[in-house]
Every structure is written in structure tokens, then in C-alpha cells.
Amino acid sequence: GDLYSAYLLRQEAGLSLVRTGGTIFTARVLDLITLIALLAWIFLAGFRDHLPAVFGNIVYSGLGLAVLLVLGLVVLGLFRERIAARLPERFAVYLENFSHGLFRSMSKLPMLLLSTLLLWVLEAARLWCVLAAVGALVEPLRVAFLALAAAIVTTLPLSPGGLGTVEALFAELFPRMGIAATLSGSAIFLDRFINYWFILLAGLVYFLLTRGRK
């Protein structure tokens, strides 16, 4: 998905694939860091003592990954010229183009962080609406934890868009959040239809109407 996004951005903006890849990478890193930070905050604030230790291990591993990503960006920003000097010319050009796309996007960091935070708030709001629609009224903090945990699962390359893994996660967590078993199945089906199958179908229609003709 990210590779295709970089390809479309190259087609629209006329930039190299490596440079657009740097821009897409920035977006993904900010998404992941913000997601992990929010999930860790919610987990430590209210759920650390109510969930199995495996969930704590996942959160702590995510925090470690976020730290490594930040350190990697710092190292690349400080030493990219030295690194490029040790590479063959062809790969040095790739590194320069990638870094240009990466750090030029970082110049708009406040706006990017704000839009990313808004995105995750909307994700939680969507899940809250789904649960309310089937009659399961859950505290907003718990809904936010569920939505962010599902988003973490979708970042893992286990299946396309977290297909199957998100459903399994919800089936495990919904009862622990006080959602009745009689409502869980309907909530899972409705949420995944909105957040997976509808997007998939809409993307297919868009592709057929635009890119499919070219």
C-alpha cells in the first residue's frame, strides 16, 4: 500500500519514487509514533492491571520501537552526509533523495502531528459510534484503547489490513471491556465492514474509474 501511494504521488507530483518514498515514510513513522504514545498512555493510565501481561509486553515493545525510530531519524539527520560519502555514488543519490523527501516533510511537523492526532481521535469516535449502534455503551477511554490496539495490529504484516487478526483481537478484548457476548459479533462485523470492506470496495471503484482506464 505504501509503495503504491509513493507511485501515485510520483505520478501526480512528478518527483522521483525514492523522494516520494521519503515523504510516505515520514507519514508512516509519525502515525506509528503517535499511535504507540497514545496507546501506552491509555494502557498505563487505566488498563495495566486489568489485562493479561502479553498486552503489556506488546505496549512496551511498541514504546521500544518508537524510541528506535526516533533515534534512527536523529542519526540520519546528523550523519547522512557522512553515510552518503561511504556509499557508491548511485546509492548515495538514492539516500539524498530519500532524505530530502523525509526531512522536507518534517519541516511541517506541528501540522502533521495535529492531523495525525485528529486521525486517531476519529478512529476512536468511529468505533464508539459502532458500539453505540449495537447497544453497547462503553467508556470513551476504553473505546480509544480498543481502536488504537486494532490500529497497532493492522501495522503488523500478518495479513492485509489486519484481516482476521483485528477480529480476533476484538473477540478477545470486547468481553474484558464489559461488552456483552451477544453484542460483540454484531459490533465486530459492522466495524470491519466500515473500516475494511467498504474502503476496499470504494478503492476498487475509484481505481476502475480513474487509473484502470490508463
# chains A, B, ... in the order shown; residues from 1 in each chain; ligands from 1
>>> select_by_dssp(residues="stretch 8-213 of chain A", states="alpha helix (DSSP H)", output="VMD selection string")
chain A and resid 8 to 13 17 to 42 53 to 85 89 to 106 109 to 133 140 to 155 165 to 176 181 to 192 198 to 209
>>> write_last_selection(atoms="C-alpha atoms", output="short mmCIF file (atom, residue, chain, number, x, y, z; two decimals), in the first residue's frame")
data_model
loop_
_atom_site.label_atom_id
_atom_site.label_comp_id
_atom_site.auth_asym_id
_atom_site.auth_seq_id
_atom_site.Cartn_x
_atom_site.Cartn_y
_atom_site.Cartn_z
CA LEU A 8 0.71 7.72 -7.19
CA LEU A 9 2.47 10.65 -5.54
CA ARG A 10 5.25 10.40 -8.09
CA GLN A 11 2.70 10.39 -10.91
CA GLU A 12 0.88 13.44 -9.55
CA ALA A 13 3.84 15.50 -8.33
CA LEU A 17 10.00 7.36 -6.46
CA VAL A 18 12.75 7.45 -3.84
CA ARG A 19 11.93 11.04 -2.82
CA THR A 20 8.21 10.34 -2.57
CA GLY A 21 9.12 7.24 -0.59
CA GLY A 22 10.77 9.51 1.98
CA THR A 23 7.55 11.52 2.26
CA ILE A 24 5.42 8.40 2.70
CA PHE A 25 7.90 7.05 5.25
CA THR A 26 7.56 10.26 7.27
CA ALA A 27 3.79 9.87 7.37
CA ARG A 28 4.02 6.24 8.47
CA VAL A 29 6.59 6.98 11.18
CA LEU A 30 4.53 9.84 12.62
CA ASP A 31 1.41 7.67 12.53
CA LEU A 32 3.17 4.86 14.35
CA ILE A 33 4.90 7.02 16.97
CA THR A 34 1.71 8.94 17.79
CA LEU A 35 -0.29 5.72 17.89
CA ILE A 36 2.16 3.97 20.22
CA ALA A 37 2.40 7.01 22.52
CA LEU A 38 -1.38 7.32 22.84
CA LEU A 39 -1.88 3.58 23.35
CA ALA A 40 0.86 3.44 26.00
CA TRP A 41 -0.60 6.43 27.84
CA ILE A 42 -4.10 4.93 27.90
CA ALA A 53 0.70 -9.49 30.74
CA VAL A 54 1.03 -10.19 27.00
CA PHE A 55 -0.74 -6.92 26.21
CA GLY A 56 1.69 -5.06 28.44
CA ASN A 57 4.58 -6.68 26.62
CA ILE A 58 3.14 -5.53 23.29
CA VAL A 59 2.80 -1.95 24.54
CA TYR A 60 6.31 -1.88 25.98
CA SER A 61 7.71 -3.38 22.76
CA GLY A 62 5.90 -0.67 20.83
CA LEU A 63 7.48 2.01 23.00
CA GLY A 64 10.89 0.49 22.32
CA LEU A 65 10.18 0.53 18.59
CA ALA A 66 9.12 4.18 18.77
CA VAL A 67 12.36 5.10 20.54
CA LEU A 68 14.40 3.25 17.90
CA LEU A 69 12.56 5.07 15.10
CA VAL A 70 13.23 8.46 16.68
CA LEU A 71 16.91 7.59 17.22
CA GLY A 72 17.16 6.39 13.62
CA LEU A 73 15.77 9.69 12.33
CA VAL A 74 18.18 11.66 14.52
CA VAL A 75 21.17 9.63 13.33
CA LEU A 76 20.12 10.01 9.69
CA GLY A 77 19.61 13.75 10.09
CA LEU A 78 23.01 14.29 11.73
CA PHE A 79 25.17 11.88 9.74
CA ARG A 80 23.52 11.40 6.35
CA GLU A 81 26.31 13.25 4.54
CA ARG A 82 28.96 11.05 6.14
CA ILE A 83 26.93 7.94 5.39
CA ALA A 84 26.43 9.04 1.77
CA ALA A 85 30.18 9.63 1.38
CA GLU A 89 27.51 7.13 -6.00
CA ARG A 90 24.29 5.50 -7.16
CA PHE A 91 23.19 4.62 -3.63
CA ALA A 92 24.36 7.99 -2.29
CA VAL A 93 21.94 9.68 -4.71
CA TYR A 94 19.14 7.41 -3.50
CA LEU A 95 19.93 8.31 0.10
CA GLU A 96 19.97 12.03 -0.70
CA ASN A 97 16.63 11.89 -2.48
CA PHE A 98 15.06 9.81 0.29
CA SER A 99 16.41 12.15 2.97
CA HIS A 100 15.16 15.19 1.06
CA GLY A 101 11.62 13.84 0.98
CA LEU A 102 11.85 12.71 4.60
CA PHE A 103 13.16 15.88 6.23
CA ARG A 104 11.32 18.33 4.00
CA SER A 105 8.09 16.77 5.27
CA MET A 106 9.40 17.14 8.82
CA LEU A 109 5.90 18.74 11.91
CA PRO A 110 3.32 20.61 14.06
CA MET A 111 0.65 20.37 11.37
CA LEU A 112 1.49 16.72 10.70
CA LEU A 113 1.27 15.80 14.39
CA LEU A 114 -2.03 17.64 14.79
CA SER A 115 -3.57 15.93 11.75
CA THR A 116 -2.26 12.54 12.93
CA LEU A 117 -3.74 13.05 16.40
CA LEU A 118 -7.06 14.06 14.84
CA LEU A 119 -6.98 10.91 12.71
CA TRP A 120 -6.69 8.64 15.74
CA VAL A 121 -9.42 10.56 17.59
CA LEU A 122 -11.71 9.97 14.60
CA GLU A 123 -10.78 6.27 14.62
CA ALA A 124 -11.88 6.02 18.24
CA ALA A 125 -15.05 8.03 17.52
CA ARG A 126 -15.95 5.65 14.69
CA LEU A 127 -15.65 2.62 16.94
CA TRP A 128 -17.67 4.35 19.67
CA CYS A 129 -20.46 5.02 17.15
CA VAL A 130 -20.39 1.39 16.03
CA LEU A 131 -20.64 0.11 19.59
CA ALA A 132 -23.42 2.57 20.41
CA ALA A 133 -25.32 1.48 17.29
CA PRO A 140 -14.59 6.68 25.76
CA LEU A 141 -11.18 5.77 27.22
CA ARG A 142 -11.88 2.07 26.75
CA VAL A 143 -13.09 2.65 23.21
CA ALA A 144 -9.92 4.61 22.44
CA PHE A 145 -7.81 1.73 23.76
CA LEU A 146 -9.69 -0.76 21.57
CA ALA A 147 -9.39 1.39 18.45
CA LEU A 148 -5.68 2.06 18.94
CA ALA A 149 -4.94 -1.58 19.73
CA ALA A 150 -6.65 -2.57 16.47
CA ALA A 151 -4.64 0.04 14.60
CA ILE A 152 -1.41 -1.41 16.01
CA VAL A 153 -2.43 -4.86 14.74
CA THR A 154 -3.06 -3.50 11.23
CA THR A 155 0.55 -2.24 11.08
CA THR A 165 -6.21 -10.51 13.31
CA VAL A 166 -8.29 -7.44 14.21
CA GLU A 167 -11.41 -9.59 14.50
CA ALA A 168 -9.55 -11.99 16.81
CA LEU A 169 -8.25 -9.08 18.91
CA PHE A 170 -11.74 -7.63 19.30
CA ALA A 171 -13.17 -11.04 20.19
CA GLU A 172 -10.57 -11.24 22.97
CA LEU A 173 -10.85 -7.67 24.27
CA PHE A 174 -14.56 -6.87 23.96
CA PRO A 175 -15.61 -9.11 26.90
CA ARG A 176 -12.78 -7.66 29.02
CA ALA A 181 -21.05 -11.53 24.07
CA THR A 182 -24.44 -11.16 22.37
CA LEU A 183 -23.38 -7.76 21.03
CA SER A 184 -19.73 -8.48 20.23
CA GLY A 185 -20.34 -10.33 16.97
CA SER A 186 -22.57 -7.60 15.54
CA ALA A 187 -20.12 -4.88 16.60
CA ILE A 188 -17.14 -6.67 15.06
CA PHE A 189 -18.98 -7.30 11.78
CA LEU A 190 -20.23 -3.70 11.49
CA ASP A 191 -16.89 -2.13 12.39
CA ARG A 192 -14.89 -4.26 9.97
CA PHE A 198 -16.22 -0.57 2.46
CA ILE A 199 -12.79 1.05 1.97
CA LEU A 200 -11.69 -1.88 -0.17
CA LEU A 201 -14.77 -1.64 -2.38
CA ALA A 202 -14.57 2.16 -2.63
CA GLY A 203 -10.89 1.91 -3.59
CA LEU A 204 -11.69 -0.64 -6.27
CA VAL A 205 -14.39 1.62 -7.76
CA TYR A 206 -12.01 4.59 -7.71
CA PHE A 207 -9.28 2.56 -9.39
CA LEU A 208 -11.62 1.34 -12.12
CA LEU A 209 -12.93 4.85 -12.78
#
